[in-house]
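Asks: This is start_26.txt, which holds compact mmCIF, C-alpha atoms and all ligand atoms:
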# COMPACT_ATOMS: atom_id res chain seq x y z
CA MET A 1 107.43 -235.20 -158.10
CA LEU A 2 111.03 -234.87 -159.21
CA ALA A 3 112.67 -231.46 -158.84
CA ILE A 4 112.58 -229.52 -162.06
CA THR A 5 116.38 -229.27 -162.17
CA THR A 6 116.63 -233.09 -161.88
CA LEU A 7 114.16 -233.61 -164.68
CA LEU A 8 115.23 -230.97 -167.15
CA ASP A 9 118.51 -229.64 -168.38
CA GLU A 10 119.03 -226.06 -167.15
CA ARG A 11 118.77 -224.77 -170.70
CA ALA A 12 115.20 -226.10 -170.87
CA LEU A 13 114.00 -223.34 -168.54
CA ILE A 14 113.61 -219.84 -169.93
CA CYS A 15 112.82 -216.39 -168.60
CA PRO A 16 109.09 -215.59 -169.01
CA ARG A 17 110.06 -211.93 -169.51
CA CYS A 18 112.65 -212.13 -172.31
CA GLY A 19 113.10 -215.80 -173.25
CA GLY A 20 116.70 -215.84 -171.98
CA THR A 21 118.11 -218.98 -170.36
CA LEU A 22 117.59 -219.24 -166.60
CA THR A 23 120.24 -220.07 -164.07
CA CYS A 24 119.62 -221.48 -160.62
CA ALA A 25 122.21 -221.13 -157.86
CA ASP A 26 121.38 -221.62 -154.16
CA ASP A 27 117.65 -221.72 -155.00
CA SER A 28 117.91 -218.28 -156.55
CA TRP A 29 116.57 -218.13 -160.11
CA ARG A 30 117.91 -215.46 -162.45
CA CYS A 31 117.89 -214.66 -166.16
CA SER A 32 121.18 -214.99 -168.05
CA GLU A 33 120.41 -212.02 -170.36
CA PRO A 34 122.39 -209.06 -168.95
CA SER A 35 119.79 -206.52 -170.19
CA CYS A 36 116.85 -208.31 -168.46
CA PRO A 37 115.68 -206.96 -165.08
CA HIS A 38 115.72 -210.57 -163.82
CA ALA A 39 119.48 -210.76 -164.38
CA GLU A 40 119.82 -208.55 -161.30
CA SER A 41 116.69 -209.30 -159.29
CA PRO A 42 115.96 -213.01 -158.90
CA PHE A 43 112.51 -214.50 -159.40
CA MET A 44 110.37 -214.80 -156.29
CA VAL A 45 110.35 -218.21 -154.56
CA VAL A 46 107.33 -219.14 -152.39
CA SER A 47 107.02 -222.35 -150.37
CA GLY A 48 110.20 -223.52 -152.14
CA THR A 49 108.56 -223.05 -155.56
CA PRO A 50 110.04 -220.63 -158.10
CA VAL A 51 107.51 -218.10 -159.43
CA LEU A 52 108.49 -217.82 -163.11
CA VAL A 53 105.93 -215.19 -164.06
CA ASP A 54 106.28 -211.90 -165.92
CA PHE A 55 103.88 -209.92 -163.73
CA GLU A 56 103.76 -207.02 -166.19
CA ARG A 57 101.92 -209.29 -168.63
CA SER A 58 99.84 -211.45 -166.28
CA VAL A 59 96.56 -211.31 -164.36
CA LEU A 60 98.55 -212.78 -161.48
CA SER A 61 99.72 -210.40 -158.80
CA ALA A 62 103.20 -210.60 -157.24
CA GLU A 63 101.87 -209.00 -154.06
CA GLU A 64 99.04 -211.52 -153.70
CA ILE A 65 101.30 -214.50 -154.35
CA ALA A 66 103.87 -213.20 -151.85
CA ALA A 67 101.18 -212.44 -149.24
CA SER A 68 99.49 -215.84 -149.60
CA GLY A 69 102.77 -217.76 -149.69
CA GLY A 70 101.70 -219.23 -153.02
CA ALA A 71 98.36 -220.58 -151.77
CA SER A 72 95.49 -220.85 -154.23
CA LEU A 73 93.45 -217.65 -154.52
CA VAL A 74 90.33 -219.73 -155.15
CA ALA A 75 88.91 -221.84 -152.33
CA ARG A 76 89.27 -225.57 -153.04
CA PRO A 77 87.21 -227.16 -150.27
CA ASP A 78 88.20 -230.66 -149.23
CA ARG A 79 84.83 -232.43 -149.43
CA PRO A 80 84.21 -236.08 -148.57
CA GLY A 81 84.82 -238.38 -151.57
CA ILE A 82 81.16 -239.33 -152.02
CA VAL A 83 80.00 -235.69 -152.13
CA LYS A 84 82.84 -234.84 -154.54
CA ARG A 85 81.79 -237.72 -156.81
CA MET A 86 78.15 -236.60 -156.80
CA LEU A 87 79.03 -232.97 -157.49
CA HIS A 88 81.47 -233.95 -160.22
CA PRO A 89 80.79 -237.42 -161.63
CA ALA A 90 84.00 -239.16 -162.69
CA ASN A 91 85.51 -237.99 -165.96
CA THR A 92 85.18 -241.31 -167.75
CA GLN A 93 86.99 -240.13 -170.89
CA ALA A 94 90.18 -238.80 -169.28
CA PRO A 95 91.76 -242.15 -168.19
CA ARG A 96 91.30 -243.61 -171.68
CA ILE A 97 92.59 -240.52 -173.52
CA ALA A 98 95.59 -240.09 -171.17
CA GLN A 99 96.41 -243.77 -171.71
CA ARG A 100 96.23 -243.31 -175.48
CA MET A 101 98.53 -240.30 -175.21
CA VAL A 102 101.09 -242.32 -173.23
CA GLU A 103 100.98 -245.14 -175.81
CA LEU A 104 101.58 -242.68 -178.66
CA LEU A 105 104.52 -241.13 -176.80
CA LEU A 106 106.06 -244.50 -175.82
CA ALA A 107 105.90 -245.55 -179.48
CA ASP A 108 107.87 -242.37 -180.34
CA ALA A 109 110.50 -242.92 -177.64
CA GLY A 110 112.63 -245.02 -180.02
CA THR A 111 113.02 -241.99 -182.31
CA THR A 112 113.31 -239.28 -179.65
CA GLY A 113 115.74 -241.30 -177.52
CA ARG A 114 114.25 -240.07 -174.24
CA ARG A 115 111.58 -241.00 -171.72
CA PRO A 116 108.39 -239.17 -172.61
CA ARG A 117 108.06 -235.87 -170.75
CA ILE A 118 104.56 -234.54 -170.25
CA LEU A 119 103.83 -230.98 -169.16
CA VAL A 120 100.67 -230.54 -167.09
CA ILE A 121 99.40 -226.95 -167.30
CA GLY A 122 97.20 -226.18 -164.29
CA GLY A 123 98.53 -229.23 -162.46
CA GLY A 124 98.10 -227.85 -158.92
CA THR A 125 95.60 -230.60 -158.20
CA VAL A 126 95.67 -233.99 -159.94
CA GLY A 127 93.20 -233.64 -162.80
CA ASP A 128 89.95 -235.56 -162.83
CA GLY A 129 90.61 -239.04 -164.23
CA LEU A 130 94.40 -238.56 -164.46
CA GLU A 131 95.30 -240.59 -161.34
CA ALA A 132 96.64 -243.52 -163.43
CA LEU A 133 98.82 -241.17 -165.49
CA TYR A 134 100.41 -239.78 -162.31
CA ALA A 135 101.15 -243.35 -161.17
CA ASP A 136 102.66 -244.35 -164.54
CA ASP A 137 106.43 -244.70 -164.08
CA ARG A 138 107.10 -244.86 -167.84
CA VAL A 139 106.66 -241.09 -168.22
CA ASP A 140 108.01 -238.00 -166.46
CA LEU A 141 105.63 -235.21 -165.48
CA VAL A 142 106.46 -231.53 -165.29
CA ALA A 143 103.69 -229.36 -163.89
CA PHE A 144 102.95 -225.75 -163.14
CA ASP A 145 99.97 -223.80 -161.91
CA VAL A 146 99.17 -220.32 -160.65
CA TYR A 147 99.66 -221.50 -157.07
CA ALA A 148 102.12 -223.75 -155.22
CA SER A 149 101.25 -227.33 -154.29
CA ALA A 150 102.94 -230.71 -153.86
CA ASN A 151 102.00 -231.48 -157.48
CA VAL A 152 103.85 -228.63 -159.21
CA GLN A 153 107.52 -227.70 -159.65
CA LEU A 154 106.80 -224.11 -160.77
CA ILE A 155 104.32 -221.30 -160.52
CA GLY A 156 103.80 -219.99 -164.03
CA ASP A 157 101.39 -218.36 -166.47
CA GLY A 158 100.34 -220.30 -169.59
CA HIS A 159 100.70 -217.14 -171.71
CA GLN A 160 104.48 -217.21 -171.16
CA ILE A 161 105.46 -220.80 -170.44
CA PRO A 162 108.98 -220.68 -168.92
CA LEU A 163 110.21 -223.63 -171.02
CA ALA A 164 112.40 -223.64 -174.12
CA ASP A 165 111.15 -224.61 -177.60
CA GLY A 166 110.46 -228.29 -178.26
CA VAL A 167 111.51 -229.63 -174.85
CA MET A 168 108.21 -231.45 -174.18
CA ASP A 169 106.80 -234.62 -175.74
CA GLY A 170 103.28 -234.11 -174.41
CA VAL A 171 101.11 -231.38 -172.88
CA ILE A 172 97.93 -231.88 -170.86
CA ILE A 173 95.64 -228.91 -170.26
CA GLN A 174 92.46 -229.90 -168.45
CA ALA A 175 89.83 -227.36 -167.35
CA VAL A 176 92.27 -224.47 -167.80
CA LEU A 177 91.63 -222.77 -171.16
CA GLU A 178 88.41 -221.17 -169.84
CA HIS A 179 90.51 -219.44 -167.17
CA VAL A 180 93.06 -217.78 -169.49
CA LEU A 181 92.55 -214.37 -171.10
CA GLU A 182 94.09 -215.31 -174.47
CA PRO A 183 93.52 -218.99 -175.31
CA VAL A 184 95.14 -218.52 -178.75
CA VAL A 185 98.34 -217.28 -177.09
CA VAL A 186 98.34 -220.20 -174.64
CA VAL A 187 97.83 -222.76 -177.43
CA GLY A 188 100.67 -221.05 -179.34
CA GLU A 189 102.86 -221.58 -176.27
CA ILE A 190 101.80 -225.25 -176.05
CA ARG A 191 102.83 -225.64 -179.69
CA ARG A 192 106.16 -223.92 -179.06
CA VAL A 193 107.20 -226.11 -176.11
CA LEU A 194 106.15 -229.33 -177.88
CA ARG A 195 108.59 -231.08 -180.20
CA GLU A 196 107.45 -231.85 -183.76
CA GLY A 197 104.99 -234.76 -183.45
CA GLY A 198 104.46 -234.05 -179.74
CA VAL A 199 100.96 -234.75 -178.41
CA VAL A 200 98.49 -232.35 -176.77
CA TYR A 201 95.43 -233.41 -174.78
CA ALA A 202 93.07 -230.54 -174.01
CA ASP A 203 89.82 -230.87 -172.06
CA THR A 204 87.77 -227.66 -171.88
CA PRO A 205 84.25 -226.64 -170.71
CA PHE A 206 81.52 -225.65 -173.15
CA MET A 207 78.10 -225.38 -171.41
CA GLN A 208 79.32 -224.56 -167.92
CA GLN A 209 78.50 -221.49 -165.86
CA VAL A 210 81.17 -219.19 -164.44
CA HIS A 211 83.32 -220.86 -161.80
CA GLU A 212 86.39 -219.50 -159.98
CA GLY A 213 84.71 -216.06 -160.02
CA PRO A 214 86.78 -213.32 -161.68
CA TYR A 215 89.19 -215.87 -163.23
CA ASP A 216 86.77 -217.30 -165.82
CA PHE A 217 86.68 -215.86 -169.35
CA THR A 218 85.89 -218.19 -172.28
CA ARG A 219 83.99 -221.25 -173.57
CA PHE A 220 84.40 -223.38 -176.70
CA SER A 221 82.03 -225.47 -178.80
CA GLU A 222 83.57 -228.73 -180.04
CA SER A 223 84.23 -227.10 -183.45
CA GLY A 224 85.67 -223.93 -181.90
CA HIS A 225 87.94 -226.04 -179.72
CA ARG A 226 89.11 -228.05 -182.72
CA TYR A 227 89.91 -224.84 -184.62
CA LEU A 228 91.77 -223.43 -181.62
CA PHE A 229 94.19 -226.35 -182.19
CA ARG A 230 94.24 -225.88 -185.99
CA ASP A 231 98.05 -226.24 -186.09
CA PHE A 232 97.66 -229.78 -184.77
CA GLU A 233 96.78 -233.00 -186.55
CA GLN A 234 93.75 -234.58 -184.88
CA VAL A 235 94.02 -238.00 -183.25
CA GLU A 236 90.52 -237.77 -181.77
CA SER A 237 88.07 -235.24 -180.36
CA GLY A 238 84.58 -235.19 -178.85
CA GLN A 239 82.57 -234.57 -175.72
CA VAL A 240 83.68 -235.34 -172.17
CA ALA A 241 80.28 -234.80 -170.55
CA GLY A 242 77.01 -234.18 -172.37
CA ALA A 243 73.76 -232.24 -172.27
CA GLY A 244 72.50 -234.00 -169.09
CA THR A 245 75.49 -232.69 -167.12
CA SER A 246 74.95 -229.24 -168.66
CA LEU A 247 71.34 -229.24 -167.43
CA ARG A 248 72.53 -230.05 -163.89
CA TRP A 249 74.91 -227.11 -164.02
CA SER A 250 72.03 -224.88 -165.19
CA ILE A 251 69.77 -226.03 -162.34
CA ASN A 252 72.54 -225.37 -159.80
CA TYR A 253 73.19 -221.83 -161.07
CA PHE A 254 69.47 -221.05 -161.55
CA VAL A 255 68.80 -222.00 -157.92
CA ARG A 256 71.77 -219.89 -156.79
CA ALA A 257 70.29 -216.88 -158.57
CA LEU A 258 66.74 -217.56 -157.34
CA THR A 259 67.60 -218.15 -153.68
CA ARG A 260 70.77 -216.01 -153.48
CA SER A 261 72.48 -219.06 -151.99
CA VAL A 262 75.43 -220.96 -153.46
CA ALA A 263 74.82 -223.76 -150.94
CA LEU A 264 71.21 -224.25 -152.08
CA GLY A 265 72.35 -224.25 -155.70
CA ARG A 266 74.84 -227.00 -154.92
CA ILE A 267 72.18 -229.01 -153.08
CA ALA A 268 69.86 -228.70 -156.10
CA GLY A 269 72.77 -229.85 -158.33
CA LEU A 270 73.28 -232.84 -156.02
CA ALA A 271 69.57 -233.73 -156.12
CA PHE A 272 69.80 -233.87 -159.91
CA PHE A 273 73.06 -235.91 -160.00
CA TRP A 274 71.25 -238.57 -162.06
CA LEU A 275 71.03 -236.18 -165.03
CA SER A 276 74.78 -236.68 -165.56
CA HIS A 277 74.21 -240.42 -165.87
CA LEU A 278 71.68 -239.79 -168.65
CA ASP A 279 74.53 -238.44 -170.82
CA ARG A 280 75.27 -241.96 -172.01
CA VAL A 281 71.77 -242.57 -173.42
CA LEU A 282 71.48 -239.20 -175.22
CA ASP A 283 71.80 -238.79 -178.97
CA ALA A 284 75.51 -238.21 -179.62
CA GLY A 285 75.04 -235.32 -182.06
CA HIS A 286 72.48 -233.33 -180.05
CA SER A 287 74.40 -233.98 -176.84
CA LEU A 288 77.57 -232.66 -178.50
CA ASP A 289 75.69 -229.43 -179.33
CA GLY A 290 74.90 -229.11 -175.61
CA ALA A 291 78.10 -230.72 -174.29
CA ASN A 292 79.23 -229.75 -170.82
CA SER A 293 82.88 -230.09 -171.85
CA VAL A 294 84.84 -231.15 -174.92
CA TYR A 295 88.30 -232.60 -175.63
CA PHE A 296 90.94 -232.66 -178.32
CA LEU A 297 93.86 -235.07 -178.69
CA GLY A 298 96.29 -234.21 -181.46
CA ARG A 299 99.86 -234.05 -182.66
CA ARG A 300 101.96 -231.01 -183.38
CA GLY A 301 102.63 -230.76 -187.11
CA GLY A 302 100.80 -231.74 -190.27
CA PRO A 303 98.81 -229.33 -192.40
CA VAL A 304 97.05 -226.40 -190.70
CA MET A 305 93.26 -226.83 -190.57
CA THR A 306 91.48 -224.46 -192.97
CA PRO A 307 88.14 -222.67 -192.26
CA PRO A 308 86.20 -224.93 -194.73
CA GLN A 309 87.65 -227.97 -192.96
CA VAL A 310 86.27 -226.90 -189.59
CA ILE A 311 82.80 -226.63 -191.17
CA GLU A 312 83.28 -230.21 -192.44
CA HIS A 313 84.44 -231.25 -188.97
CA TYR A 314 81.04 -230.56 -187.29
CA ARG A 315 79.35 -233.68 -185.90
CA GLY A 316 76.50 -232.11 -183.91
CA GLY A 317 72.76 -232.65 -184.32
CA MET A 318 72.03 -230.15 -187.10
ZN ZN B 401 115.01 -212.36 -168.90
Kindly return the structure encoded in the file as structure tokens.
Replies:
Amino acid sequence: MLAITTLLDERALICPRCGGTLTCADDSWRCSEPSCPHAESPFMVVSGTPVLVDFERSVLSAEEIAASGGASLVARPDRPGIVKRMLHPANTQAPRIAQRMVELLLADAGTTGRRPRILVIGGGTVGDGLEALYADDRVDLVAFDVYASANVQLIGDGHQIPLADGVMDGVIIQAVLEHVLEPVVVVGEIRRVLREGGVVYADTPFMQQVHEGPYDFTRFSESGHRYLFRDFEQVESGQVAGAGTSLRWSINYFVRALTRSVALGRIAGLAFFWLSHLDRVLDAGHSLDGANSVYFLGRRGGPVMTPPQVIEHYRGGM
């Protein structure tokens, strides 16, 4: 990935504490607001990655990040490809939706006069089904996560995105909104960093059990997810994985609870891998009511969705 200072003008980065412009000299990041504590004390840098987090307003801990050198606090085991595929069948929607997003942004490039810039929130690992997007040389990616990796330029917190207003053309947030304490605040930040007409692609669990332990807080039905993005004009929305995948998750977590063994739960989930493949033959409406995860693709701007409109929006089985 390109260095953040290569990709973005310095004024595009802001202090997560006060919103002041950041300056970077000799790999030392400071806030330009004289009254801000970060004017004096620079932001932490771990593994060469600036940690642009306001720790007073974050579940992240400066001490833990410093002690771990920016490593992920949640174990991400490197399993063989075949096991990974059986545990998590390919996200078949993501490549198509990401492609549609890129096409929308390329069509805008004549008006914006710049290469499309897409922010990936939670981009520490390449998202499921986003491999083609990462290989696409027509767009620039900016990414942050709560830990350092080769795929991110920053460590940040989605509640205070350290980017100035309107500097992004697109935002991707996949399997992240369940892990934030205030999804409404995070979506407000996505809206703020997007230019008018900028495109968001959000992919969020619905019927999934707790994962990543203490860092898992919220779920959304397809309608709830749509209303979360009420300031956005919908391009499309729907389910990513359906009720068959949800049943597999339930079997896995039921077996964990019954046998007191995560490993046995996973094995049971593997044995029922075929349930995920049944998603495609299920009734669309009933499967949406039991969807494992849902997505929304939309543009910043347009009229705000009203409560009666979200009732109209429902396409489940009732
Ligand atoms: Zn500041």
Asks: May I ask for the distance between CA of Gln209 (chain A) and CA of Val262 (chain A), given in Å to one decimal place?
Replies: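 Between CA of Gln209 (chain A) and CA of Val262 (chain A) the gap is 12.8 Å.
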Asks: In Å to one decimal, how far is CA of Arg17 (chain A) from CA of Thr5 (chain A)?
Replies: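 CA of Thr5 (chain A) sits 19.9 Å away from CA of Arg17 (chain A).
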Asks: Would you please work out which residue, of A:Pro16, A:Pro162, A:Gly124, A:Gly302, is nearest to Phe55 (chain A) when using all atoms listed in the file?
Replies: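 Distance minimum relative to Phe55 (chain A) lands on A:Pro16.
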Asks: Have a look at A:Gly20, A:Gly244, A:Gly213, A:Gly129 and name the one nearest to Asp289 (chain A); count only C-alpha atoms.
Replies: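 That would be A:Gly244, the residue with the smallest distance to Asp289 (chain A).
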Asks: Could you jot down the CA of Gly188 (chain A) to CA of Glu56 (chain A) separation for me, Å, one decimal place?
Replies: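 According to the coordinates, CA of Gly188 (chain A) and CA of Glu56 (chain A) are separated by 19.5 Å.
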Asks: Which one of A:Arg256, A:Thr49, A:Ala164, A:Ser237 sits closest to Cys15 (chain A) if you count all atoms listed in the file?
Replies: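 The closest residue to Cys15 (chain A) is A:Ala164.
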Asks: Using all atoms listed in the file, which residues have at least one atom no more than 12 Å from ligand ZN 401 (chain B)? Output them as a PyMOL selection string.
Replies: chain A and resi 13-23+29-43+52-54+160+162
Asks: As a list in words, please: the residues near Val139 (chain A) (cut-off 8 Å, all atoms listed in the file, same-chain neighbours under 5 positions excluded).
Replies: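 Once the adjacent positions are removed, what remains is Val102, Arg115, Pro116, Arg117 and Ile118 of chain A.
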Asks: Export region 214-318 of chain A of the preceding structure, keeping C-alpha atoms, as a PDB file, in the first residue's frame.
Replies:
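So the final result, stored in result-v3.pdb, reads:
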ATOM      1  CA  PRO A 214     -15.493  -8.632  24.556  1.00  0.00           C
ATOM      2  CA  TYR A 215     -15.311  -6.576  21.332  1.00  0.00           C
ATOM      3  CA  ASP A 216     -18.755  -7.512  19.969  1.00  0.00           C
ATOM      4  CA  PHE A 217     -21.772  -5.302  20.708  1.00  0.00           C
ATOM      5  CA  THR A 218     -24.538  -5.001  18.085  1.00  0.00           C
ATOM      6  CA  ARG A 219     -26.556  -6.662  15.291  1.00  0.00           C
ATOM      7  CA  PHE A 220     -28.819  -5.240  12.570  1.00  0.00           C
ATOM      8  CA  SER A 221     -31.809  -6.583  10.657  1.00  0.00           C
ATOM      9  CA  GLU A 222     -31.821  -5.579   6.986  1.00  0.00           C
ATOM     10  CA  SER A 223     -34.323  -2.782   7.774  1.00  0.00           C
ATOM     11  CA  GLY A 224     -32.362  -1.600  10.821  1.00  0.00           C
ATOM     12  CA  HIS A 225     -29.196  -1.523   8.743  1.00  0.00           C
ATOM     13  CA  ARG A 226     -30.934   0.472   6.005  1.00  0.00           C
ATOM     14  CA  TYR A 227     -32.171   2.997   8.576  1.00  0.00           C
ATOM     15  CA  LEU A 228     -28.708   3.269  10.112  1.00  0.00           C
ATOM     16  CA  PHE A 229     -27.694   4.711   6.708  1.00  0.00           C
ATOM     17  CA  ARG A 230     -30.815   6.912   6.440  1.00  0.00           C
ATOM     18  CA  ASP A 231     -28.727   9.916   5.309  1.00  0.00           C
ATOM     19  CA  PHE A 232     -27.715   7.935   2.229  1.00  0.00           C
ATOM     20  CA  GLU A 233     -29.560   7.303  -1.024  1.00  0.00           C
ATOM     21  CA  GLN A 234     -29.822   3.556  -1.617  1.00  0.00           C
ATOM     22  CA  VAL A 235     -28.191   1.964  -4.655  1.00  0.00           C
ATOM     23  CA  GLU A 236     -28.958  -1.557  -3.440  1.00  0.00           C
ATOM     24  CA  SER A 237     -29.283  -3.585  -0.251  1.00  0.00           C
ATOM     25  CA  GLY A 238     -30.014  -7.163   0.790  1.00  0.00           C
ATOM     26  CA  GLN A 239     -28.592 -10.283   2.375  1.00  0.00           C
ATOM     27  CA  VAL A 240     -25.011 -11.500   2.073  1.00  0.00           C
ATOM     28  CA  ALA A 241     -25.625 -14.940   3.581  1.00  0.00           C
ATOM     29  CA  GLY A 242     -28.993 -16.410   4.499  1.00  0.00           C
ATOM     30  CA  ALA A 243     -30.820 -18.540   7.043  1.00  0.00           C
ATOM     31  CA  GLY A 244     -28.840 -21.725   6.198  1.00  0.00           C
ATOM     32  CA  THR A 245     -25.586 -20.028   7.217  1.00  0.00           C
ATOM     33  CA  SER A 246     -27.294 -18.695  10.362  1.00  0.00           C
ATOM     34  CA  LEU A 247     -28.324 -22.246  11.319  1.00  0.00           C
ATOM     35  CA  ARG A 248     -24.704 -23.409  10.958  1.00  0.00           C
ATOM     36  CA  TRP A 249     -23.583 -20.630  13.283  1.00  0.00           C
ATOM     37  CA  SER A 250     -26.260 -21.701  15.786  1.00  0.00           C
ATOM     38  CA  ILE A 251     -25.147 -25.349  15.677  1.00  0.00           C
ATOM     39  CA  ASN A 252     -21.513 -24.309  16.216  1.00  0.00           C
ATOM     40  CA  TYR A 253     -22.338 -22.148  19.255  1.00  0.00           C
ATOM     41  CA  PHE A 254     -24.864 -24.650  20.666  1.00  0.00           C
ATOM     42  CA  VAL A 255     -22.215 -27.387  20.563  1.00  0.00           C
ATOM     43  CA  ARG A 256     -19.690 -25.038  22.206  1.00  0.00           C
ATOM     44  CA  ALA A 257     -22.112 -24.457  25.064  1.00  0.00           C
ATOM     45  CA  LEU A 258     -23.073 -28.133  25.360  1.00  0.00           C
ATOM     46  CA  THR A 259     -19.549 -29.567  25.299  1.00  0.00           C
ATOM     47  CA  ARG A 260     -17.682 -26.557  26.758  1.00  0.00           C
ATOM     48  CA  SER A 261     -15.359 -26.817  23.746  1.00  0.00           C
ATOM     49  CA  VAL A 262     -14.829 -24.192  21.047  1.00  0.00           C
ATOM     50  CA  ALA A 263     -12.983 -26.787  18.953  1.00  0.00           C
ATOM     51  CA  LEU A 264     -15.944 -29.199  19.004  1.00  0.00           C
ATOM     52  CA  GLY A 265     -18.288 -26.347  18.095  1.00  0.00           C
ATOM     53  CA  ARG A 266     -16.128 -25.528  15.093  1.00  0.00           C
ATOM     54  CA  ILE A 267     -16.030 -29.183  14.044  1.00  0.00           C
ATOM     55  CA  ALA A 268     -19.844 -29.340  14.249  1.00  0.00           C
ATOM     56  CA  GLY A 269     -19.993 -26.136  12.142  1.00  0.00           C
ATOM     57  CA  LEU A 270     -17.680 -27.773   9.590  1.00  0.00           C
ATOM     58  CA  ALA A 271     -19.821 -30.930   9.467  1.00  0.00           C
ATOM     59  CA  PHE A 272     -22.812 -28.760   8.586  1.00  0.00           C
ATOM     60  CA  PHE A 273     -20.960 -26.667   5.944  1.00  0.00           C
ATOM     61  CA  TRP A 274     -23.576 -27.728   3.375  1.00  0.00           C
ATOM     62  CA  LEU A 275     -26.236 -25.665   5.165  1.00  0.00           C
ATOM     63  CA  SER A 276     -24.540 -22.518   3.813  1.00  0.00           C
ATOM     64  CA  HIS A 277     -24.970 -23.830   0.279  1.00  0.00           C
ATOM     65  CA  LEU A 278     -28.714 -24.196   0.887  1.00  0.00           C
ATOM     66  CA  ASP A 279     -28.943 -20.382   1.200  1.00  0.00           C
ATOM     67  CA  ARG A 280     -29.364 -20.122  -2.555  1.00  0.00           C
ATOM     68  CA  VAL A 281     -32.480 -22.330  -2.692  1.00  0.00           C
ATOM     69  CA  LEU A 282     -34.261 -20.682   0.272  1.00  0.00           C
ATOM     70  CA  ASP A 283     -37.185 -18.305  -0.097  1.00  0.00           C
ATOM     71  CA  ALA A 284     -35.654 -14.829  -0.420  1.00  0.00           C
ATOM     72  CA  GLY A 285     -38.042 -13.117   1.999  1.00  0.00           C
ATOM     73  CA  HIS A 286     -37.912 -15.690   4.812  1.00  0.00           C
ATOM     74  CA  SER A 287     -34.163 -16.055   4.388  1.00  0.00           C
ATOM     75  CA  LEU A 288     -33.786 -12.274   4.710  1.00  0.00           C
ATOM     76  CA  ASP A 289     -35.662 -12.450   8.040  1.00  0.00           C
ATOM     77  CA  GLY A 290     -33.054 -14.985   9.206  1.00  0.00           C
ATOM     78  CA  ALA A 291     -30.100 -13.570   7.248  1.00  0.00           C
ATOM     79  CA  ASN A 292     -26.636 -14.256   8.598  1.00  0.00           C
ATOM     80  CA  SER A 293     -25.415 -10.879   7.341  1.00  0.00           C
ATOM     81  CA  VAL A 294     -26.792  -7.958   5.343  1.00  0.00           C
ATOM     82  CA  TYR A 295     -25.365  -5.211   3.125  1.00  0.00           C
ATOM     83  CA  PHE A 296     -26.088  -1.675   2.024  1.00  0.00           C
ATOM     84  CA  LEU A 297     -24.638   0.199  -0.957  1.00  0.00           C
ATOM     85  CA  GLY A 298     -25.586   3.863  -1.140  1.00  0.00           C
ATOM     86  CA  ARG A 299     -24.566   7.401  -1.934  1.00  0.00           C
ATOM     87  CA  ARG A 300     -24.094  10.293   0.427  1.00  0.00           C
ATOM     88  CA  GLY A 301     -26.801  12.890  -0.159  1.00  0.00           C
ATOM     89  CA  GLY A 302     -30.395  12.852  -1.317  1.00  0.00           C
ATOM     90  CA  PRO A 303     -33.380  13.057   1.007  1.00  0.00           C
ATOM     91  CA  VAL A 304     -33.087  11.538   4.494  1.00  0.00           C
ATOM     92  CA  MET A 305     -35.100   8.321   4.880  1.00  0.00           C
ATOM     93  CA  THR A 306     -38.180   8.827   7.074  1.00  0.00           C
ATOM     94  CA  PRO A 307     -39.557   6.272   9.598  1.00  0.00           C
ATOM     95  CA  PRO A 308     -42.597   5.422   7.365  1.00  0.00           C
ATOM     96  CA  GLN A 309     -40.192   4.807   4.481  1.00  0.00           C
ATOM     97  CA  VAL A 310     -38.240   2.189   6.411  1.00  0.00           C
ATOM     98  CA  ILE A 311     -41.512   0.334   7.080  1.00  0.00           C
ATOM     99  CA  GLU A 312     -42.148   0.424   3.304  1.00  0.00           C
ATOM    100  CA  HIS A 313     -38.587  -0.791   2.722  1.00  0.00           C
ATOM    101  CA  TYR A 314     -39.155  -4.215   4.388  1.00  0.00           C
ATOM    102  CA  ARG A 315     -38.833  -7.165   1.989  1.00  0.00           C
ATOM    103  CA  GLY A 316     -38.875 -10.080   4.441  1.00  0.00           C
ATOM    104  CA  GLY A 317     -41.306 -12.998   4.611  1.00  0.00           C
ATOM    105  CA  MET A 318     -44.103 -11.417   6.649  1.00  0.00           C
TER     106      MET A 318
END
